[in-house]
Each structure stands twice: as C-alpha cells, then as structure tokens.
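K.L.:
TSV, C-alpha atoms and all ligand atoms, saved as start_15.tsv, coming up:
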```tsv
chain	number	residue	atom	x	y	z
A	1059	MET	CA	155.37	125.05	128.55
A	1060	LEU	CA	151.96	123.59	127.73
A	1061	GLN	CA	150.33	126.98	128.24
A	1062	GLU	CA	152.84	128.66	125.94
A	1063	ARG	CA	152.23	126.06	123.26
A	1064	ARG	CA	148.47	126.53	123.56
A	1065	ALA	CA	148.85	130.31	123.28
A	1066	LEU	CA	150.95	129.90	120.13
A	1067	GLU	CA	148.47	127.45	118.62
A	1068	ARG	CA	145.68	129.88	119.35
A	1069	TYR	CA	147.63	132.65	117.66
A	1070	PHE	CA	148.36	130.72	114.49
A	1071	CYS	CA	145.15	128.77	113.93
A	1072	ARG	CA	141.69	130.19	114.18
A	1073	MET	CA	139.67	128.85	117.12
A	1074	GLN	CA	136.56	126.96	116.04
A	1075	ARG	CA	133.63	128.30	118.00
A	1076	ILE	CA	130.74	126.09	119.09
A	1077	ALA	CA	127.25	127.06	120.23
A	1078	ILE	CA	125.21	124.50	122.16
A	1079	PHE	CA	121.41	124.42	122.12
A	1080	ALA	CA	119.76	122.60	125.03
A	1081	SER	CA	116.27	122.54	126.51
A	1082	GLY	CA	116.73	121.07	129.95
A	1083	THR	CA	119.14	119.77	132.53
A	1084	GLY	CA	122.27	120.14	130.45
A	1085	THR	CA	124.46	117.35	131.81
A	1086	ASN	CA	125.88	116.77	128.32
A	1087	THR	CA	126.40	120.50	127.86
A	1088	VAL	CA	128.48	120.61	131.05
A	1089	ARG	CA	130.65	117.70	129.84
A	1090	ILE	CA	131.17	119.35	126.47
A	1091	ILE	CA	132.12	122.72	128.00
A	1092	GLU	CA	134.55	121.03	130.38
A	1093	TYR	CA	136.07	118.88	127.62
A	1094	PHE	CA	136.91	121.94	125.50
A	1095	LYS	CA	138.17	124.16	128.35
A	1096	GLY	CA	141.77	125.01	127.46
A	1097	HIS	CA	141.51	123.19	124.10
A	1098	SER	CA	143.99	124.51	121.55
A	1099	SER	CA	141.60	124.98	118.64
A	1100	ILE	CA	137.97	124.45	119.73
A	1101	GLY	CA	135.88	126.27	122.32
A	1102	VAL	CA	132.27	126.54	123.46
A	1103	SER	CA	131.32	130.21	123.12
A	1104	LEU	CA	127.58	130.25	123.65
A	1105	VAL	CA	124.76	128.18	125.17
A	1106	LEU	CA	121.19	128.81	124.04
A	1107	SER	CA	117.91	127.49	125.37
A	1108	ASN	CA	114.25	127.73	124.42
A	1109	LYS	CA	113.44	127.78	128.15
A	1110	ALA	CA	114.37	130.83	130.21
A	1111	ASP	CA	114.42	128.73	133.41
A	1112	ALA	CA	116.30	125.72	132.02
A	1113	PRO	CA	119.02	124.64	134.49
A	1114	VAL	CA	121.47	124.39	131.58
A	1115	LEU	CA	121.63	128.21	131.34
A	1116	GLU	CA	122.77	128.63	134.94
A	1117	LYS	CA	125.23	125.75	134.63
A	1118	ALA	CA	126.82	127.26	131.52
A	1119	LYS	CA	127.05	130.67	133.15
A	1120	ASN	CA	128.78	129.15	136.18
A	1121	LEU	CA	131.33	127.62	133.83
A	1122	GLY	CA	132.01	131.02	132.28
A	1123	VAL	CA	130.06	130.53	129.05
A	1124	GLU	CA	127.62	133.18	127.86
A	1125	SER	CA	124.09	131.78	127.89
A	1126	VAL	CA	120.87	133.13	126.42
A	1127	ALA	CA	117.22	132.14	126.15
A	1128	PHE	CA	114.88	132.74	123.23
A	1129	ASN	CA	111.17	132.20	122.72
A	1130	ARG	CA	109.17	130.45	120.00
A	1131	GLY	CA	108.43	133.66	118.10
A	1132	GLU	CA	112.09	134.71	118.04
A	1133	PHE	CA	113.14	131.26	116.89
A	1134	TYR	CA	110.57	130.63	114.16
A	1135	ASP	CA	109.43	134.09	113.03
A	1136	THR	CA	112.62	136.17	113.12
A	1137	ASN	CA	116.30	135.82	112.28
A	1138	ASP	CA	117.32	136.85	115.81
A	1139	VAL	CA	118.88	133.54	116.83
A	1140	VAL	CA	120.93	133.22	113.61
A	1141	ASP	CA	121.99	136.87	113.98
A	1142	LYS	CA	123.13	136.15	117.51
A	1143	LEU	CA	125.15	133.12	116.36
A	1144	GLN	CA	126.76	135.08	113.55
A	1145	ALA	CA	127.56	138.04	115.79
A	1146	ALA	CA	129.36	135.58	118.09
A	1147	ASN	CA	131.29	134.13	115.07
A	1148	ILE	CA	129.92	130.65	115.70
A	1149	ASP	CA	131.25	127.94	113.35
A	1150	PHE	CA	129.38	124.83	114.55
A	1151	VAL	CA	126.11	124.22	116.36
A	1152	VAL	CA	125.61	121.29	118.74
A	1153	LEU	CA	122.16	120.16	119.85
A	1154	ALA	CA	122.43	118.48	123.26
A	1155	GLY	CA	118.92	117.65	124.38
A	1156	PHE	CA	117.27	120.38	122.32
A	1157	LEU	CA	113.62	119.61	121.73
A	1158	TRP	CA	112.47	122.02	119.02
A	1159	LYS	CA	112.71	121.37	115.30
A	1160	VAL	CA	115.48	123.43	113.72
A	1161	PRO	CA	114.04	126.05	111.32
A	1162	ASP	CA	115.24	126.56	107.74
A	1163	ASN	CA	117.09	129.82	108.37
A	1164	LEU	CA	119.31	128.09	110.94
A	1165	LEU	CA	119.89	125.05	108.69
A	1166	LYS	CA	120.86	127.33	105.81
A	1167	ALA	CA	123.22	129.41	107.96
A	1168	PHE	CA	125.03	126.24	109.18
A	1169	PRO	CA	124.83	123.67	106.36
A	1170	ASP	CA	126.26	120.31	107.53
A	1171	ARG	CA	127.50	122.08	110.63
A	1172	ILE	CA	124.72	121.21	113.08
A	1173	ILE	CA	125.32	118.06	115.15
A	1174	ASN	CA	122.63	116.33	117.19
A	1175	ILE	CA	122.69	113.48	119.68
A	1176	HIS	CA	119.79	111.05	119.87
A	1177	PRO	CA	119.50	108.64	122.83
A	1178	ALA	CA	118.83	105.48	120.77
A	1179	LEU	CA	120.09	103.59	117.74
A	1180	LEU	CA	118.54	105.48	114.84
A	1181	PRO	CA	116.64	104.84	112.62
A	1182	LYS	CA	114.93	102.92	115.42
A	1183	PHE	CA	113.11	105.03	118.01
A	1184	GLY	CA	113.49	108.30	116.13
A	1185	GLY	CA	111.05	110.86	114.80
A	1186	LYS	CA	108.41	113.06	116.31
A	1187	GLY	CA	107.66	112.50	120.00
A	1188	MET	CA	110.74	110.32	120.42
A	1189	TYR	CA	112.74	112.29	122.98
A	1190	GLY	CA	113.88	111.91	126.58
A	1191	MET	CA	112.21	109.17	128.60
A	1192	ASN	CA	109.73	108.45	125.77
A	1193	VAL	CA	112.60	106.84	123.88
A	1194	HIS	CA	113.77	104.68	126.79
A	1195	ARG	CA	110.19	103.59	127.60
A	1196	ALA	CA	109.65	102.60	123.97
A	1197	VAL	CA	112.94	100.64	123.95
A	1198	LYS	CA	111.89	98.77	127.10
A	1199	GLU	CA	108.37	98.04	125.83
A	1200	SER	CA	109.62	96.72	122.51
A	1201	GLY	CA	111.89	94.19	124.26
A	1202	GLU	CA	115.04	95.31	122.41
A	1203	ALA	CA	118.23	93.51	123.46
A	1204	GLU	CA	120.32	96.63	122.94
A	1205	THR	CA	120.09	100.38	122.65
A	1206	GLY	CA	122.62	103.20	122.45
A	1207	ILE	CA	123.34	106.64	121.05
A	1208	SER	CA	123.39	108.19	117.60
A	1209	ILE	CA	125.36	111.31	116.74
A	1210	HIS	CA	124.31	112.76	113.41
A	1211	LEU	CA	124.09	115.88	111.29
A	1212	VAL	CA	120.80	117.73	111.23
A	1213	ASN	CA	118.78	118.35	108.10
A	1214	GLU	CA	115.13	119.20	107.32
A	1215	GLU	CA	113.81	115.85	108.57
A	1216	TYR	CA	113.76	114.83	112.23
A	1217	ASP	CA	116.62	112.44	113.07
A	1218	LYS	CA	117.48	111.70	109.44
A	1219	GLY	CA	120.75	113.60	108.77
A	1220	ARG	CA	124.06	111.86	107.98
A	1221	MET	CA	125.11	109.47	110.75
A	1222	LEU	CA	128.50	110.28	112.27
A	1223	PHE	CA	128.74	107.77	115.10
A	1224	GLN	CA	126.79	105.16	117.07
A	1225	ALA	CA	127.61	103.32	120.29
A	1226	ARG	CA	125.67	100.47	121.87
A	1227	CYS	CA	124.81	99.06	125.27
A	1228	LYS	CA	122.87	95.99	126.36
A	1229	VAL	CA	119.29	96.14	127.61
A	1230	LEU	CA	118.79	93.50	130.28
A	1231	GLU	CA	115.44	92.07	131.35
A	1232	SER	CA	115.97	93.68	134.73
A	1233	ASP	CA	116.46	97.14	133.17
A	1234	THR	CA	113.86	99.86	133.67
A	1235	PRO	CA	113.45	102.94	131.44
A	1236	GLU	CA	115.36	104.84	134.14
A	1237	SER	CA	118.29	102.42	134.22
A	1238	ILE	CA	118.39	102.41	130.41
A	1239	ALA	CA	118.51	106.22	130.49
A	1240	ALA	CA	121.45	106.09	132.91
A	1241	LYS	CA	123.41	103.69	130.66
A	1242	VAL	CA	122.70	105.82	127.62
A	1243	HIS	CA	123.78	108.98	129.41
A	1244	GLU	CA	127.10	107.31	130.27
A	1245	LEU	CA	127.62	106.49	126.60
A	1246	GLU	CA	126.84	110.10	125.75
A	1247	TYR	CA	129.31	111.52	128.28
A	1248	THR	CA	132.08	109.21	127.05
A	1249	ASN	CA	131.58	109.73	123.34
A	1250	PHE	CA	129.80	112.99	122.51
A	1251	PRO	CA	132.58	115.52	123.29
A	1252	ARG	CA	135.19	113.42	121.47
A	1253	GLU	CA	132.96	112.95	118.41
A	1254	ILE	CA	132.30	116.69	118.28
A	1255	GLU	CA	136.05	117.27	118.39
A	1256	LEU	CA	136.71	114.78	115.57
A	1257	PHE	CA	133.98	116.28	113.40
A	1258	VAL	CA	135.04	119.89	113.97
A	1259	LYS	CA	138.70	119.08	113.36
A	1260	SER	CA	137.97	117.44	110.03
A	1261	ASN	CA	135.63	120.25	108.93
A	1262	GLU	CA	137.49	123.29	110.23
A	1263	ILE	CA	136.40	126.68	108.96
A	1264	ALA	CA	139.40	128.70	107.75
B	1301	LIG	C1	120.19	113.27	126.24
B	1301	LIG	O1	119.91	111.94	126.55
B	1301	LIG	C2	120.17	113.48	124.75
B	1301	LIG	O2	120.54	112.35	124.01
B	1301	LIG	C3	118.72	113.77	124.50
B	1301	LIG	O3	118.32	114.55	125.62
B	1301	LIG	C4	119.11	114.20	126.74
B	1301	LIG	C5	119.64	115.47	127.31
B	1301	LIG	O4	120.20	115.27	128.57
B	1301	LIG	N1	118.54	114.34	123.20
B	1301	LIG	P1	120.98	116.41	129.32
B	1301	LIG	O5	120.09	117.66	129.32
B	1301	LIG	O6	122.25	116.65	128.58
B	1301	LIG	O7	121.20	115.90	130.69
```
Once you've parsed the file, please lay out its structure as structure tokens.
Ligand code: GRF
P.N.:
Amino acid sequence: MLQERRALERYFCRMQRIAIFASGTGTNTVRIIEYFKGHSSIGVSLVLSNKADAPVLEKAKNLGVESVAFNRGEFYDTNDVVDKLQAANIDFVVLAGFLWKVPDNLLKAFPDRIINIHPALLPKFGGKGMYGMNVHRAVKESGEAETGISIHLVNEEYDKGRMLFQARCKVLESDTPESIAAKVHELEYTNFPREIELFVKSNEIA
C-alpha cells in the first residue's frame, strides 16, 4: 500500500533532486541520504567532493548514490561542476562539511537554493578559518556556556546567508573540543535532514 502510494506521488509530483558537497568523512551526508531514501518527493541524486580520496565518496557510492570528485581548476576556472549539476537536473545544493568557498557561477545557478551547515551559533565562530575542530577549540577557549549548529543559505560572504535554523547545546567546564564536536554532531544528525526537507518542501521547483 505504502509503496503504491509513493509510486503515485512520484508520478504526479516532480521529485526534488539534491546534490551534496562534502570534503571529508561524510557522516552528515550518510544521514541525509538515508533520511531521503524512499521519500515521496525528495531524493539525493549526487555527491560531490573536492577530494578524490574523501571517504564520503565511497560511502555515498555504497548507498547507491552517484559520487564524483573535482579539482580546484575545474571548480574555480570552468563551468564543469555547474554543468554536471544541471545535467543531473539538480534543484538544491547542500553543503555538508564542504570547505571551499562557493564560486559565483554556482551561486548564480542556484540562487537561494544552496544550504550550508555550520557547527556553531553564527554569527559567533564563523568566517574564514572557522571550520571543523578549529570552531570547537575556539568555543572551548572562549569559555562559552553554549554552542550549537546553524543551518543557513549561502551567498557571496562566508557564513552570512539567511539563517534558516539554529539549535543549541550546553558547553560544560569538563567538555573538551572533542566532546563539544560530538555533541554538535548529534545536533546535526537530528536536525539537518529534517531542516533540508522543510526548506525544499516550501521552495519546491515546479
Ligand atoms: C560538520 O560538523 C559540519 O557542521 C561541518 O563539517 C562537519 C562535517 O562532518 N561544516 P561530516 O563530514 O559530516 O562527518
């Protein structure tokens, strides 16, 4: 019954296709792919990485999602990556631990359709150099009582696009940058796929 309904929904409404960009481990990417498996109107169609040996590429492949790598020249000096996204009919781009600045041609091809996650409460601990463990170390050193995640749209400035969602967790005196990272990752796993779904559903491309 459920399968029949999903097939009908697929037939009548156009699937919204997501591409995920990631530079490293890809634990969020895995959660997002799994969340949308069998979804009636949203699917992850492509995973891209700036690192040919990034574990995320293998993980995506194992989950049945096409995955490709590109280099700096292809990303910044050609339109290859945008061409690839358009050839795959991608509607929304998700950055899940993607470390390179998004170039203008990509921003223009997906205006207000690129979503990023940042592992802190922006505008605090954002900007250049603020990624991965650097963020959690800075949070610890500054003695903050809380940290969290920020899910936002991407524009020309690092970490400054429209905020879609934030969630918080406490930072205890006993916390280390590693334990802060673990708490933040949990918040990401719980909230990121659902927030992507909400955003895509309210901005569907006909
Ligand atoms: C996440 O904490 C994300 O917020 C940040 O990079 C990390 C990626 O982790 N931008 P993973 O590759 O999904 O495990």
K.L.:
For region 1187-1189 of chain A, find every residue with an atom within 12 Å (counting all atoms listed in the file), except residues of its own chain fewer than 3 positions away, and show them as a list in words.
P.N.:
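Final neighbour list, sorted by chain and number: Ser1081, Gly1082, Ala1154, Gly1155, Phe1156, Leu1157, Trp1158, Lys1159, Ile1175, His1176, Pro1177, Ala1178, Leu1179, Leu1180, Pro1181, Lys1182, Phe1183, Gly1184, Asn1192, Val1193, His1194, Arg1195, Ala1196, Val1197, Tyr1216, Asp1217 and Ala1239 of chain A.
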K.L.:
Can you list, as a PyMOL selection string, every protein, DNA or RNA residue that comes within 12 Å of region 1138-1142 of chain A when you count only C-alpha atoms, leaving out same-chain residues fewer than 3 positions away?
P.N.:
chain A and resi 1077+1079+1103-1108+1124-1135+1145-1151+1160-1168
K.L.:
Taking (132.3, 125.2, 118.5) as a centre in this file's frame and 12 Å as the limit, can you find every polymer residue with an atom that close, using only C-alpha atoms, and give them as an MDAnalysis selection string?
P.N.:
chainID A and resid 1072:1079 1090:1091 1093:1095 1097 1099:1105 1143 1146:1153 1168 1171:1173 1251 1254:1259 1261:1263
K.L.:
Return as JSON the centre and edge lengths, in Å with one decimal, of the box along x, y and z that encloses every atom of ligand LIG 1301 (chain B) in the file, padded by 3 Å per side.
P.N.:
```
{"center_x": 120.3, "center_y": 114.8, "center_z": 126.9, "size_x": 9.9, "size_y": 11.7, "size_z": 13.5}
```
K.L.:
Go through A:Gly1201, A:Gly1122, A:Pro1169, A:Gly1206 and flag the residue nearest ligand LIG 1301 (chain B), using all atoms listed in the file for the distances.
P.N.:
A:Gly1206
K.L.:
Of the candidates A:Glu1092, A:Cys1071, A:Thr1085, A:Glu1116, which shows the shortest atom-to-atom distance to ligand LIG 1301 (chain B), using all atoms listed in the file?
P.N.:
A:Thr1085
K.L.:
In terms of the shortest atom-to-atom distance over all atoms listed in the file, which of A:Leu1222, A:Leu1121, A:Asn1174, A:Glu1253 is closest to ligand LIG 1301 (chain B)?
P.N.:
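Closest to ligand LIG 1301 (chain B), using all atoms listed in the file: A:Asn1174.
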K.L.:
Of the residues A:Ser1260, A:Asn1137, A:Ser1208, A:Thr1087, which is the one nearest to Val1123 (chain A), using only C-alpha atoms?
P.N.:
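Checking each candidate against Val1123 (chain A), we get A:Thr1087 as the closest.
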K.L.:
Of the residues A:Gly1219, A:Gly1084, A:His1210, A:Val1242, which is the one nearest to ligand LIG 1301 (chain B), using all atoms listed in the file?
P.N.:
A:Gly1084
K.L.:
Taking the structure in the block just given, could you write region 1114-1209 of chain A with C-alpha atoms, as a PDB file, in the first residue's frame?
P.N.:
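The resulting file, out02.pdb, is shown below:
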```
ATOM      1  CA  VAL A1114      32.350  10.469   1.738  1.00  0.00           C
ATOM      2  CA  LEU A1115      32.609   9.427  -1.939  1.00  0.00           C
ATOM      3  CA  GLU A1116      32.905   5.730  -1.121  1.00  0.00           C
ATOM      4  CA  LYS A1117      30.136   5.952   1.480  1.00  0.00           C
ATOM      5  CA  ALA A1118      27.759   7.589  -0.999  1.00  0.00           C
ATOM      6  CA  LYS A1119      28.573   5.019  -3.660  1.00  0.00           C
ATOM      7  CA  ASN A1120      27.861   2.197  -1.207  1.00  0.00           C
ATOM      8  CA  LEU A1121      24.459   3.753  -0.571  1.00  0.00           C
ATOM      9  CA  GLY A1122      23.726   3.778  -4.297  1.00  0.00           C
ATOM     10  CA  VAL A1123      24.301   7.487  -4.915  1.00  0.00           C
ATOM     11  CA  GLU A1124      26.482   8.629  -7.806  1.00  0.00           C
ATOM     12  CA  SER A1125      29.574  10.379  -6.470  1.00  0.00           C
ATOM     13  CA  VAL A1126      32.201  12.463  -8.224  1.00  0.00           C
ATOM     14  CA  ALA A1127      35.351  14.394  -7.375  1.00  0.00           C
ATOM     15  CA  PHE A1128      36.551  17.642  -8.921  1.00  0.00           C
ATOM     16  CA  ASN A1129      39.731  19.667  -8.578  1.00  0.00           C
ATOM     17  CA  ARG A1130      40.377  23.339  -7.846  1.00  0.00           C
ATOM     18  CA  GLY A1131      40.802  24.280 -11.508  1.00  0.00           C
ATOM     19  CA  GLU A1132      37.540  22.612 -12.519  1.00  0.00           C
ATOM     20  CA  PHE A1133      35.707  24.288  -9.664  1.00  0.00           C
ATOM     21  CA  TYR A1134      37.017  27.838  -9.987  1.00  0.00           C
ATOM     22  CA  ASP A1135      38.126  28.182 -13.630  1.00  0.00           C
ATOM     23  CA  THR A1136      35.475  26.242 -15.561  1.00  0.00           C
ATOM     24  CA  ASN A1137      31.732  25.678 -15.523  1.00  0.00           C
ATOM     25  CA  ASP A1138      32.181  21.893 -15.309  1.00  0.00           C
ATOM     26  CA  VAL A1139      30.668  21.444 -11.851  1.00  0.00           C
ATOM     27  CA  VAL A1140      27.588  23.566 -12.638  1.00  0.00           C
ATOM     28  CA  ASP A1141      27.213  21.710 -15.956  1.00  0.00           C
ATOM     29  CA  LYS A1142      27.329  18.419 -14.093  1.00  0.00           C
ATOM     30  CA  LEU A1143      24.648  19.594 -11.631  1.00  0.00           C
ATOM     31  CA  GLN A1144      22.415  20.826 -14.429  1.00  0.00           C
ATOM     32  CA  ALA A1145      22.866  17.650 -16.462  1.00  0.00           C
ATOM     33  CA  ALA A1146      21.696  15.729 -13.372  1.00  0.00           C
ATOM     34  CA  ASN A1147      18.649  18.069 -13.030  1.00  0.00           C
ATOM     35  CA  ILE A1148      19.676  19.125  -9.542  1.00  0.00           C
ATOM     36  CA  ASP A1149      17.260  21.509  -7.793  1.00  0.00           C
ATOM     37  CA  PHE A1150      19.005  22.143  -4.450  1.00  0.00           C
ATOM     38  CA  VAL A1151      22.595  22.010  -3.255  1.00  0.00           C
ATOM     39  CA  VAL A1152      23.529  21.036   0.305  1.00  0.00           C
ATOM     40  CA  LEU A1153      26.970  21.736   1.757  1.00  0.00           C
ATOM     41  CA  ALA A1154      27.707  19.191   4.487  1.00  0.00           C
ATOM     42  CA  GLY A1155      31.247  19.805   5.655  1.00  0.00           C
ATOM     43  CA  PHE A1156      32.395  21.380   2.391  1.00  0.00           C
ATOM     44  CA  LEU A1157      35.456  23.521   2.930  1.00  0.00           C
ATOM     45  CA  TRP A1158      35.876  25.564  -0.246  1.00  0.00           C
ATOM     46  CA  LYS A1159      34.232  28.917  -0.897  1.00  0.00           C
ATOM     47  CA  VAL A1160      31.382  28.599  -3.378  1.00  0.00           C
ATOM     48  CA  PRO A1161      32.192  30.418  -6.649  1.00  0.00           C
ATOM     49  CA  ASP A1162      29.874  32.918  -8.344  1.00  0.00           C
ATOM     50  CA  ASN A1163      28.819  30.655 -11.208  1.00  0.00           C
ATOM     51  CA  LEU A1164      27.459  28.110  -8.713  1.00  0.00           C
ATOM     52  CA  LEU A1165      25.713  30.792  -6.617  1.00  0.00           C
ATOM     53  CA  LYS A1166      24.086  32.222  -9.733  1.00  0.00           C
ATOM     54  CA  ALA A1167      22.951  28.804 -10.977  1.00  0.00           C
ATOM     55  CA  PHE A1168      21.294  28.041  -7.585  1.00  0.00           C
ATOM     56  CA  PRO A1169      20.140  31.372  -6.117  1.00  0.00           C
ATOM     57  CA  ASP A1170      18.792  30.858  -2.568  1.00  0.00           C
ATOM     58  CA  ARG A1171      18.982  27.129  -3.186  1.00  0.00           C
ATOM     59  CA  ILE A1172      22.317  26.328  -1.525  1.00  0.00           C
ATOM     60  CA  ILE A1173      22.091  25.281   2.128  1.00  0.00           C
ATOM     61  CA  ASN A1174      25.081  25.065   4.459  1.00  0.00           C
ATOM     62  CA  ILE A1175      25.537  23.764   7.982  1.00  0.00           C
ATOM     63  CA  HIS A1176      27.965  25.459  10.342  1.00  0.00           C
ATOM     64  CA  PRO A1177      28.975  23.742  13.609  1.00  0.00           C
ATOM     65  CA  ALA A1178      28.451  26.776  15.892  1.00  0.00           C
ATOM     66  CA  LEU A1179      25.953  29.520  16.644  1.00  0.00           C
ATOM     67  CA  LEU A1180      26.602  32.046  13.884  1.00  0.00           C
ATOM     68  CA  PRO A1181      27.474  34.904  13.748  1.00  0.00           C
ATOM     69  CA  LYS A1182      29.809  33.712  16.501  1.00  0.00           C
ATOM     70  CA  PHE A1183      32.698  31.492  15.398  1.00  0.00           C
ATOM     71  CA  GLY A1184      32.102  31.968  11.687  1.00  0.00           C
ATOM     72  CA  GLY A1185      34.216  33.261   8.829  1.00  0.00           C
ATOM     73  CA  LYS A1186      37.480  32.262   7.273  1.00  0.00           C
ATOM     74  CA  GLY A1187      39.422  29.512   9.053  1.00  0.00           C
ATOM     75  CA  MET A1188      36.436  28.652  11.239  1.00  0.00           C
ATOM     76  CA  TYR A1189      35.763  25.048  10.244  1.00  0.00           C
ATOM     77  CA  GLY A1190      35.941  21.596  11.817  1.00  0.00           C
ATOM     78  CA  MET A1191      37.849  21.322  15.082  1.00  0.00           C
ATOM     79  CA  ASN A1192      39.040  24.961  14.813  1.00  0.00           C
ATOM     80  CA  VAL A1193      35.498  26.007  15.677  1.00  0.00           C
ATOM     81  CA  HIS A1194      35.178  23.712  18.692  1.00  0.00           C
ATOM     82  CA  ARG A1195      38.627  24.708  20.004  1.00  0.00           C
ATOM     83  CA  ALA A1196      37.707  28.383  19.709  1.00  0.00           C
ATOM     84  CA  VAL A1197      34.399  27.755  21.534  1.00  0.00           C
ATOM     85  CA  LYS A1198      36.251  25.990  24.361  1.00  0.00           C
ATOM     86  CA  GLU A1199      38.957  28.666  24.633  1.00  0.00           C
ATOM     87  CA  SER A1200      36.442  31.498  24.747  1.00  0.00           C
ATOM     88  CA  GLY A1201      34.638  29.896  27.718  1.00  0.00           C
ATOM     89  CA  GLU A1202      31.206  29.958  26.025  1.00  0.00           C
ATOM     90  CA  ALA A1203      28.392  28.391  28.065  1.00  0.00           C
ATOM     91  CA  GLU A1204      26.682  27.076  24.952  1.00  0.00           C
ATOM     92  CA  THR A1205      27.284  26.251  21.324  1.00  0.00           C
ATOM     93  CA  GLY A1206      25.245  24.585  18.593  1.00  0.00           C
ATOM     94  CA  ILE A1207      24.526  24.450  14.881  1.00  0.00           C
ATOM     95  CA  SER A1208      23.454  26.957  12.252  1.00  0.00           C
ATOM     96  CA  ILE A1209      21.733  25.980   9.024  1.00  0.00           C
TER      97      ILE A1209
END
```
